[in-house]
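Student: Got a file for you: structure_3.tsv, TSV, C-alpha atoms.
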```tsv
chain	number	residue	atom	x	y	z
A	1	MET	CA	17.95	132.15	215.44
A	2	LYS	CA	16.57	130.75	212.18
A	3	ARG	CA	14.68	133.11	209.92
A	4	VAL	CA	11.75	131.64	208.02
A	5	VAL	CA	9.67	133.55	205.46
A	6	ILE	CA	6.16	132.19	204.85
A	7	ALA	CA	4.44	133.37	201.66
A	8	ASP	CA	0.76	132.65	201.05
A	9	ASP	CA	-2.12	134.93	200.14
A	10	SER	CA	-4.25	133.24	202.80
A	11	GLN	CA	-3.65	134.28	206.38
A	12	THR	CA	-5.18	130.97	207.45
A	13	ALA	CA	-2.63	129.02	205.41
A	14	ARG	CA	0.24	131.11	206.82
A	15	MET	CA	-0.95	130.40	210.37
A	16	CYS	CA	-1.25	126.67	209.65
A	17	ILE	CA	2.23	126.47	208.15
A	18	ARG	CA	3.72	128.39	211.07
A	19	ARG	CA	1.92	126.18	213.59
A	20	CYS	CA	3.21	123.04	211.82
A	21	LEU	CA	6.78	124.40	211.78
A	22	GLU	CA	6.55	125.15	215.50
A	23	ILE	CA	5.23	121.64	216.18
A	24	ILE	CA	8.25	120.09	214.45
A	25	GLY	CA	10.62	122.10	216.59
A	26	LEU	CA	11.12	125.54	215.06
A	27	THR	CA	9.85	127.28	218.18
A	28	GLU	CA	12.71	129.74	218.36
A	29	ALA	CA	12.61	130.84	214.74
A	30	GLU	CA	11.81	134.32	213.52
A	31	PHE	CA	8.76	134.00	211.28
A	32	VAL	CA	8.18	136.63	208.62
A	33	GLU	CA	4.95	136.59	206.61
A	34	ALA	CA	4.27	137.71	203.04
A	35	ALA	CA	0.94	137.76	201.17
A	36	ASN	CA	2.38	137.27	197.66
A	37	GLY	CA	5.58	136.50	195.81
A	38	ARG	CA	6.58	140.12	195.43
A	39	GLU	CA	6.39	140.72	199.17
A	40	ALA	CA	8.24	137.48	199.83
A	41	LEU	CA	11.06	138.49	197.48
A	42	ALA	CA	11.44	141.79	199.34
A	43	LYS	CA	11.50	139.97	202.70
A	44	VAL	CA	14.18	137.45	201.69
A	45	LYS	CA	16.31	140.26	200.23
A	46	GLU	CA	16.14	142.44	203.33
A	47	ASN	CA	17.70	139.88	205.71
A	48	SER	CA	19.53	136.60	205.59
A	49	THR	CA	16.87	133.86	205.46
A	50	ASP	CA	17.25	130.15	206.24
A	51	LEU	CA	14.04	128.91	204.65
A	52	LEU	CA	11.31	130.23	202.39
A	53	VAL	CA	8.02	128.36	202.50
A	54	THR	CA	5.82	129.53	199.66
A	55	ASP	CA	2.42	128.81	198.19
A	56	LEU	CA	2.33	128.31	194.43
A	57	ASN	CA	-0.92	130.05	193.57
A	58	MET	CA	-0.69	133.70	194.69
A	59	PRO	CA	-1.67	137.07	193.25
A	60	LEU	CA	0.89	139.58	191.84
A	61	MET	CA	3.73	137.05	191.73
A	62	ASP	CA	3.13	133.32	192.04
A	63	GLY	CA	5.43	130.78	193.66
A	64	ALA	CA	6.98	129.60	190.39
A	65	MET	CA	7.90	133.15	189.36
A	66	LEU	CA	9.25	133.84	192.85
A	67	LEU	CA	11.42	130.74	192.54
A	68	ARG	CA	12.77	131.96	189.17
A	69	TRP	CA	13.66	135.36	190.64
A	70	ILE	CA	15.41	133.75	193.60
A	71	ARG	CA	17.40	131.33	191.47
A	72	GLY	CA	18.37	134.19	189.19
A	73	ASN	CA	19.81	136.23	192.06
A	74	PRO	CA	23.33	135.07	193.01
A	75	ARG	CA	22.87	136.42	196.54
A	76	LEU	CA	19.81	134.21	197.07
A	77	SER	CA	20.76	131.19	195.03
A	78	GLN	CA	21.51	129.09	198.15
A	79	LEU	CA	18.19	129.87	199.82
A	80	ARG	CA	16.12	126.73	200.44
A	81	VAL	CA	12.63	127.09	199.02
A	82	LEU	CA	9.83	124.74	200.03
A	83	VAL	CA	6.77	125.03	197.80
A	84	ILE	CA	3.37	124.15	199.23
A	85	THR	CA	0.49	123.86	196.82
A	86	SER	CA	-3.04	122.56	196.51
A	87	ALA	CA	-2.44	122.01	192.77
A	88	GLY	CA	0.32	119.46	193.20
A	89	ASN	CA	0.90	116.21	191.40
A	90	THR	CA	3.95	114.40	190.04
A	91	ALA	CA	4.09	116.58	186.92
A	92	ARG	CA	3.94	119.86	188.86
A	93	GLU	CA	6.41	118.63	191.47
A	94	ALA	CA	8.96	117.75	188.78
A	95	GLU	CA	8.50	121.19	187.21
A	96	LEU	CA	9.07	122.97	190.55
A	97	LEU	CA	12.06	120.84	191.48
A	98	ALA	CA	13.58	121.63	188.09
A	99	LEU	CA	13.07	125.33	188.84
A	100	GLY	CA	15.14	124.88	191.99
A	101	ALA	CA	12.65	124.13	194.76
A	102	PHE	CA	14.19	122.27	197.68
A	103	ALA	CA	10.98	120.26	198.11
A	104	VAL	CA	7.29	120.34	197.18
A	105	LEU	CA	4.38	119.54	199.49
A	106	SER	CA	0.66	119.25	198.87
A	107	LYS	CA	-1.97	121.10	200.88
A	108	PRO	CA	-3.29	120.54	203.48
A	109	VAL	CA	0.14	120.56	205.07
A	110	SER	CA	0.83	118.43	208.16
A	111	PRO	CA	3.67	118.50	210.70
A	112	ALA	CA	4.65	114.94	209.68
A	113	ALA	CA	4.98	115.91	206.01
A	114	LEU	CA	7.04	118.98	206.92
A	115	LEU	CA	9.28	116.97	209.19
A	116	ASP	CA	9.82	114.47	206.41
A	117	LYS	CA	11.06	117.22	204.07
A	118	LEU	CA	12.88	119.43	206.59
A	119	GLY	CA	14.06	116.95	209.21
A	120	SER	CA	17.47	116.55	207.59
A	121	LEU	CA	18.08	120.32	207.58
A	122	TRP	CA	17.85	120.96	211.30
A	123	PRO	CA	18.31	117.80	213.30
B	1	MET	CA	-18.04	108.82	185.78
B	2	ALA	CA	-20.51	110.34	188.25
B	3	GLU	CA	-19.44	107.77	190.82
B	4	LYS	CA	-15.79	108.68	190.27
B	5	LEU	CA	-16.59	112.35	190.80
B	6	ASP	CA	-18.49	111.54	193.99
B	7	GLU	CA	-15.61	109.50	195.37
B	8	ALA	CA	-13.04	112.14	194.47
B	9	MET	CA	-15.09	114.91	196.02
B	10	LEU	CA	-15.78	113.04	199.25
B	11	LYS	CA	-12.10	112.16	199.63
B	12	SER	CA	-11.00	115.75	198.91
B	13	VAL	CA	-13.44	117.33	201.33
B	14	THR	CA	-12.74	114.77	204.05
B	15	GLU	CA	-8.95	115.07	203.80
B	16	THR	CA	-9.10	118.85	203.72
B	17	LEU	CA	-11.25	119.33	206.81
B	18	GLU	CA	-9.60	116.53	208.76
B	19	ASN	CA	-6.12	117.88	208.17
B	20	LEU	CA	-6.92	121.56	208.39
B	21	ALA	CA	-9.40	121.60	211.23
B	22	PHE	CA	-9.39	118.06	212.69
B	23	MET	CA	-13.08	117.76	211.80
B	24	GLU	CA	-14.93	114.67	210.67
B	25	VAL	CA	-16.98	114.97	207.49
B	26	PHE	CA	-19.94	112.87	206.39
B	27	ALA	CA	-21.72	112.75	203.06
B	28	ALA	CA	-25.28	113.99	203.43
B	29	SER	CA	-28.22	113.99	201.08
B	30	LYS	CA	-30.11	116.93	199.67
B	31	GLU	CA	-32.99	115.96	201.94
B	32	ASP	CA	-30.83	116.82	204.94
B	33	PRO	CA	-31.35	120.33	206.25
B	34	ALA	CA	-29.58	123.02	204.19
B	35	PRO	CA	-27.06	125.32	205.86
B	36	SER	CA	-29.18	127.46	208.14
B	37	GLY	CA	-28.60	130.87	209.65
B	38	GLU	CA	-26.04	133.13	208.04
B	39	ASN	CA	-24.14	131.44	205.22
B	40	MET	CA	-20.93	132.38	203.43
B	41	SER	CA	-19.82	131.23	200.01
B	42	ALA	CA	-16.71	131.26	197.83
B	43	ALA	CA	-15.97	130.27	194.24
B	44	LEU	CA	-12.84	129.27	192.34
B	45	LEU	CA	-12.16	128.65	188.65
B	46	PHE	CA	-10.53	125.63	187.10
B	47	LEU	CA	-8.26	127.08	184.39
B	48	GLU	CA	-6.36	124.16	182.85
B	49	PRO	CA	-6.69	121.56	181.37
B	50	PHE	CA	-10.41	122.47	181.28
B	51	GLN	CA	-12.48	125.38	182.46
B	52	GLY	CA	-15.04	125.13	185.20
B	53	GLU	CA	-16.06	126.53	188.52
B	54	ILE	CA	-16.26	125.06	191.98
B	55	ARG	CA	-18.01	126.82	194.80
B	56	SER	CA	-18.88	126.06	198.38
B	57	GLU	CA	-21.37	127.32	200.92
B	58	PHE	CA	-20.71	127.02	204.65
B	59	SER	CA	-22.65	128.34	207.60
B	60	ARG	CA	-20.98	131.10	209.56
B	61	ALA	CA	-21.29	128.88	212.66
B	62	LEU	CA	-19.21	126.12	211.04
B	63	LEU	CA	-16.58	128.58	209.85
B	64	GLU	CA	-16.37	130.03	213.36
B	65	GLU	CA	-15.75	126.54	214.75
B	66	ILE	CA	-13.04	125.91	212.17
B	67	SER	CA	-11.52	129.30	212.91
B	68	GLU	CA	-11.35	128.45	216.59
B	69	THR	CA	-9.43	125.26	215.80
B	70	VAL	CA	-7.18	126.59	213.06
B	71	CYS	CA	-6.41	130.08	214.31
B	72	GLY	CA	-7.23	129.82	218.00
B	73	LEU	CA	-9.66	132.72	217.61
B	74	SER	CA	-12.71	132.78	219.85
B	75	GLN	CA	-16.04	133.03	218.05
B	76	GLU	CA	-16.37	136.63	219.21
B	77	GLY	CA	-12.94	137.38	217.80
B	78	CYS	CA	-13.72	136.13	214.29
B	79	ALA	CA	-13.69	139.01	211.87
B	80	GLU	CA	-15.67	138.64	208.67
B	81	SER	CA	-12.44	138.82	206.66
B	82	ALA	CA	-10.89	135.95	208.67
B	83	LEU	CA	-13.90	133.72	208.01
B	84	LYS	CA	-13.79	134.54	204.28
B	85	ASP	CA	-10.09	133.73	204.25
B	86	ILE	CA	-10.69	130.36	205.93
B	87	LEU	CA	-13.46	129.48	203.48
B	88	GLY	CA	-11.25	130.50	200.54
B	89	GLU	CA	-8.38	128.36	201.79
B	90	ILE	CA	-10.69	125.39	202.35
B	91	LEU	CA	-12.11	125.69	198.84
B	92	ASN	CA	-8.64	126.13	197.34
B	93	THR	CA	-7.44	122.96	199.04
B	94	ILE	CA	-10.57	120.98	198.10
B	95	ALA	CA	-10.27	122.07	194.46
B	96	GLY	CA	-6.62	121.03	194.25
B	97	ARG	CA	-7.21	117.70	195.95
B	98	PHE	CA	-10.22	117.04	193.72
B	99	LEU	CA	-8.28	117.55	190.49
B	100	THR	CA	-5.34	115.57	191.84
B	101	GLU	CA	-7.73	112.70	192.47
B	102	LEU	CA	-9.32	112.90	189.02
B	103	LEU	CA	-6.45	113.65	186.68
B	104	PRO	CA	-3.42	111.50	185.83
B	105	GLN	CA	-0.34	112.34	187.91
B	106	THR	CA	1.45	113.39	184.74
B	107	GLN	CA	-1.24	115.95	183.83
B	108	PRO	CA	-0.42	119.43	185.14
B	109	PHE	CA	-3.40	121.58	186.05
B	110	ARG	CA	-4.00	125.16	187.06
B	111	ILE	CA	-6.67	126.66	189.29
B	112	GLY	CA	-7.57	130.27	190.01
B	113	LEU	CA	-7.67	132.17	193.27
B	114	PRO	CA	-10.66	131.83	195.59
B	115	GLU	CA	-13.24	134.58	195.24
B	116	PRO	CA	-15.35	135.38	198.31
B	117	ASP	CA	-19.07	136.20	197.98
B	118	PRO	CA	-19.48	135.22	194.31
B	119	LEU	CA	-22.65	136.25	192.48
B	120	PRO	CA	-25.50	133.75	192.83
B	121	HIS	CA	-25.18	130.83	190.46
B	122	PRO	CA	-27.91	130.60	187.81
B	123	GLU	CA	-29.54	127.26	188.60
B	124	PRO	CA	-29.47	125.79	185.04
B	125	GLU	CA	-25.68	126.01	184.87
B	126	LEU	CA	-25.18	123.81	187.89
B	127	LEU	CA	-23.79	120.41	187.09
B	128	ARG	CA	-23.64	118.76	190.46
B	129	THR	CA	-24.13	119.61	194.12
B	130	TRP	CA	-22.64	117.59	196.97
B	131	HIS	CA	-24.07	117.82	200.45
B	132	PHE	CA	-21.90	117.24	203.50
B	133	ARG	CA	-22.17	117.54	207.24
B	134	SER	CA	-19.54	118.24	209.84
B	135	ASP	CA	-20.24	118.52	213.54
B	136	GLN	CA	-23.98	118.86	212.83
B	137	HIS	CA	-23.38	121.71	210.38
B	138	PRO	CA	-24.45	121.04	206.78
B	139	PHE	CA	-22.43	122.52	203.92
B	140	THR	CA	-22.35	122.15	200.14
B	141	VAL	CA	-19.85	122.02	197.26
B	142	GLN	CA	-20.98	122.62	193.66
B	143	LEU	CA	-19.47	122.21	190.21
B	144	SER	CA	-20.64	124.35	187.31
B	145	LYS	CA	-21.59	123.23	183.83
B	146	LEU	CA	-18.37	124.62	182.36
B	147	PHE	CA	-16.78	121.53	183.80
B	148	SER	CA	-17.20	118.81	181.18
B	149	PHE	CA	-17.17	115.11	182.03
B	150	ASP	CA	-15.98	114.39	178.49
B	151	LEU	CA	-12.66	116.14	179.06
B	152	LEU	CA	-11.65	113.88	181.89
B	153	PRO	CA	-9.49	110.84	181.13
B	154	THR	CA	-11.39	107.61	181.53
B	155	ASP	CA	-8.67	105.99	183.62
B	156	LYS	CA	-6.40	107.67	186.11
B	157	THR	CA	-2.84	106.42	185.63
```
Rewrite the coordinates I just gave you, this time as structure tokens.
Tutor:
Amino acid sequence: MKRVVIADDSQTARMCIRRCLEIIGLTEAEFVEAANGREALAKVKENSTDLLVTDLNMPLMDGAMLLRWIRGNPRLSQLRVLVITSAGNTAREAELLALGAFAVLSKPVSPAALLDKLGSLWP
Amino acid sequence: MAEKLDEAMLKSVTETLENLAFMEVFAASKEDPAPSGENMSAALLFLEPFQGEIRSEFSRALLEEISETVCGLSQEGCAESALKDILGEILNTIAGRFLTELLPQTQPFRIGLPEPDPLPHPEPELLRTWHFRSDQHPFTVQLSKLFSFDLLPTDKT
């Protein structure tokens, strides 16, 4: 079973992301939710995780800082991180990809956009 | 410039509600009826490259409809906190889309976190109010005076 951690300070956003992931076929995955980057970091450390989907703009620890912590931890360096943000443009996307994000998506997220980014991972 | 702002705002609001809640949005005028009944509002700051504030006011009835679509919660099951969270997420998405529309793709920007129930806005600071309607429910989005037209690039590249 795949393990997916979803980090966003909005419960609504977490539900939307989860629903979109289920629509594109991740119905059997274990979904773990986190309300900020700090919580998300704890969740990905506690168990082997296949995918982290994180918002950029969060309290306590934002998505960019979370990404830095993950890339700095040899145990987590292979974790795929998908960043979803409302403040996304070409400049921000390049910055996040350089930090080690697997992909960057703009809000509002759609199943089609997720499939486009994740389709190659789990055919 | 005002026309550009209007276009960007309409596109941002439309895309946000269509994608998030599968709801159609129409521009309305200030002569249309204001949100009636119990209303909820949220505000969010623009931090970089300029400072400003965006806020929105939705009726509770509209938020309950959105909640039903997005979260599958019945209207009776909608806690106050869930409705505030939905409004915050809507405003957050609108704000991001709006700046993406206005600024060049190479210009990074930063926005704050949505704040539920902000203090009432002193009328003279308001720069612009947009009126919308979705499923017969009116709602508004406002920009504050902190937001300066002069700081925006004249052409989006």
Student: Which distance in Å separates CA of Val13 (chain B) and CA of Leu99 (chain B), to one decimal?
Tutor: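 Spanning CA of Val13 (chain B) to CA of Leu99 (chain B) is a straight-line distance of 12.0 Å.
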Student: Please return, as a compact mmCIF listing (two decimals) with C-alpha atoms, in the coordinates of the input, all residues of chain B lying within 10 Å of chain A when all atoms listed in the file are considered.
Tutor:
```
# COMPACT_ATOMS: atom_id res chain seq x y z
CA GLU B 15 -8.95 115.07 203.80
CA THR B 16 -9.10 118.85 203.72
CA LEU B 17 -11.25 119.33 206.81
CA GLU B 18 -9.60 116.53 208.76
CA ASN B 19 -6.12 117.88 208.17
CA LEU B 20 -6.92 121.56 208.39
CA ALA B 21 -9.40 121.60 211.23
CA SER B 67 -11.52 129.30 212.91
CA VAL B 70 -7.18 126.59 213.06
CA CYS B 71 -6.41 130.08 214.31
CA GLY B 72 -7.23 129.82 218.00
CA SER B 81 -12.44 138.82 206.66
CA ALA B 82 -10.89 135.95 208.67
CA LEU B 83 -13.90 133.72 208.01
CA LYS B 84 -13.79 134.54 204.28
CA ASP B 85 -10.09 133.73 204.25
CA ILE B 86 -10.69 130.36 205.93
CA LEU B 87 -13.46 129.48 203.48
CA GLY B 88 -11.25 130.50 200.54
CA GLU B 89 -8.38 128.36 201.79
CA ILE B 90 -10.69 125.39 202.35
CA LEU B 91 -12.11 125.69 198.84
CA ASN B 92 -8.64 126.13 197.34
CA THR B 93 -7.44 122.96 199.04
CA ILE B 94 -10.57 120.98 198.10
CA ALA B 95 -10.27 122.07 194.46
CA GLY B 96 -6.62 121.03 194.25
CA ARG B 97 -7.21 117.70 195.95
CA PHE B 98 -10.22 117.04 193.72
CA LEU B 99 -8.28 117.55 190.49
CA THR B 100 -5.34 115.57 191.84
CA GLU B 101 -7.73 112.70 192.47
CA LEU B 103 -6.45 113.65 186.68
CA PRO B 104 -3.42 111.50 185.83
CA GLN B 105 -0.34 112.34 187.91
CA THR B 106 1.45 113.39 184.74
CA GLN B 107 -1.24 115.95 183.83
CA PRO B 108 -0.42 119.43 185.14
CA PHE B 109 -3.40 121.58 186.05
CA ARG B 110 -4.00 125.16 187.06
CA ILE B 111 -6.67 126.66 189.29
CA GLY B 112 -7.57 130.27 190.01
CA LEU B 113 -7.67 132.17 193.27
CA PRO B 114 -10.66 131.83 195.59
```
Student: Go through A:Met61, A:Met1, A:Cys20, A:Ala7 and flag the residue nearest Ala112 (chain A), using all atoms listed in the file for the distances.
Tutor: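 Checking each candidate against Ala112 (chain A), we get A:Cys20 as the closest.
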Student: What's the separation between CA of Glu46 (chain A) and CA of Asn73 (chain A), in Å to one decimal place?
Tutor: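 It comes out at 13.4 Å.
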Student: Missing atoms in region 36-58 of chain B should be modelled up to N, CA and C atoms and reported as a compact mmCIF listing (two decimals), in the frame of the given file.
Tutor:
```txt
# COMPACT_ATOMS: atom_id res chain seq x y z
N SER B 36 -28.20 126.49 207.64
CA SER B 36 -29.18 127.46 208.14
C SER B 36 -28.45 128.64 208.77
N GLY B 37 -29.20 129.67 209.08
CA GLY B 37 -28.60 130.87 209.65
C GLY B 37 -27.85 131.62 208.58
N GLU B 38 -26.81 132.33 209.00
CA GLU B 38 -26.04 133.13 208.04
C GLU B 38 -25.04 132.24 207.32
N ASN B 39 -25.06 132.27 205.99
CA ASN B 39 -24.14 131.44 205.22
C ASN B 39 -23.10 132.31 204.50
N MET B 40 -21.96 131.67 204.19
CA MET B 40 -20.93 132.38 203.43
C MET B 40 -20.52 131.46 202.28
N SER B 41 -20.21 132.07 201.15
CA SER B 41 -19.82 131.23 200.01
C SER B 41 -18.55 131.77 199.34
N ALA B 42 -17.92 130.89 198.59
CA ALA B 42 -16.71 131.26 197.83
C ALA B 42 -16.71 130.45 196.54
N ALA B 43 -16.06 130.97 195.52
CA ALA B 43 -15.97 130.27 194.24
C ALA B 43 -14.53 130.30 193.75
N LEU B 44 -14.20 129.37 192.88
CA LEU B 44 -12.84 129.27 192.34
C LEU B 44 -12.93 128.65 190.95
N LEU B 45 -12.12 129.15 190.03
CA LEU B 45 -12.16 128.65 188.65
C LEU B 45 -11.12 127.56 188.43
N PHE B 46 -11.50 126.57 187.65
CA PHE B 46 -10.53 125.63 187.10
C PHE B 46 -10.07 126.25 185.79
N LEU B 47 -8.77 126.40 185.58
CA LEU B 47 -8.26 127.08 184.39
C LEU B 47 -7.71 126.13 183.34
N GLU B 48 -6.96 125.15 183.77
CA GLU B 48 -6.36 124.16 182.85
C GLU B 48 -6.36 122.78 183.51
N PRO B 49 -6.57 121.71 182.83
CA PRO B 49 -6.69 121.56 181.37
C PRO B 49 -8.12 121.81 180.86
N PHE B 50 -9.07 122.11 181.74
CA PHE B 50 -10.41 122.47 181.28
C PHE B 50 -10.91 123.61 182.16
N GLN B 51 -11.95 124.26 181.70
CA GLN B 51 -12.48 125.38 182.46
C GLN B 51 -13.74 124.94 183.22
N GLY B 52 -13.87 125.43 184.39
CA GLY B 52 -15.04 125.13 185.20
C GLY B 52 -15.01 125.97 186.46
N GLU B 53 -16.02 125.78 187.27
CA GLU B 53 -16.06 126.53 188.52
C GLU B 53 -16.51 125.62 189.65
N ILE B 54 -15.86 125.77 190.77
CA ILE B 54 -16.26 125.06 191.98
C ILE B 54 -16.61 126.12 193.01
N ARG B 55 -17.68 125.88 193.73
CA ARG B 55 -18.01 126.82 194.80
C ARG B 55 -18.51 126.07 196.02
N SER B 56 -18.41 126.72 197.16
CA SER B 56 -18.88 126.06 198.38
C SER B 56 -19.64 127.05 199.24
N GLU B 57 -20.57 126.51 200.01
CA GLU B 57 -21.37 127.32 200.92
C GLU B 57 -21.32 126.68 202.31
N PHE B 58 -20.83 127.48 203.26
CA PHE B 58 -20.71 127.02 204.65
C PHE B 58 -21.53 127.96 205.53
```
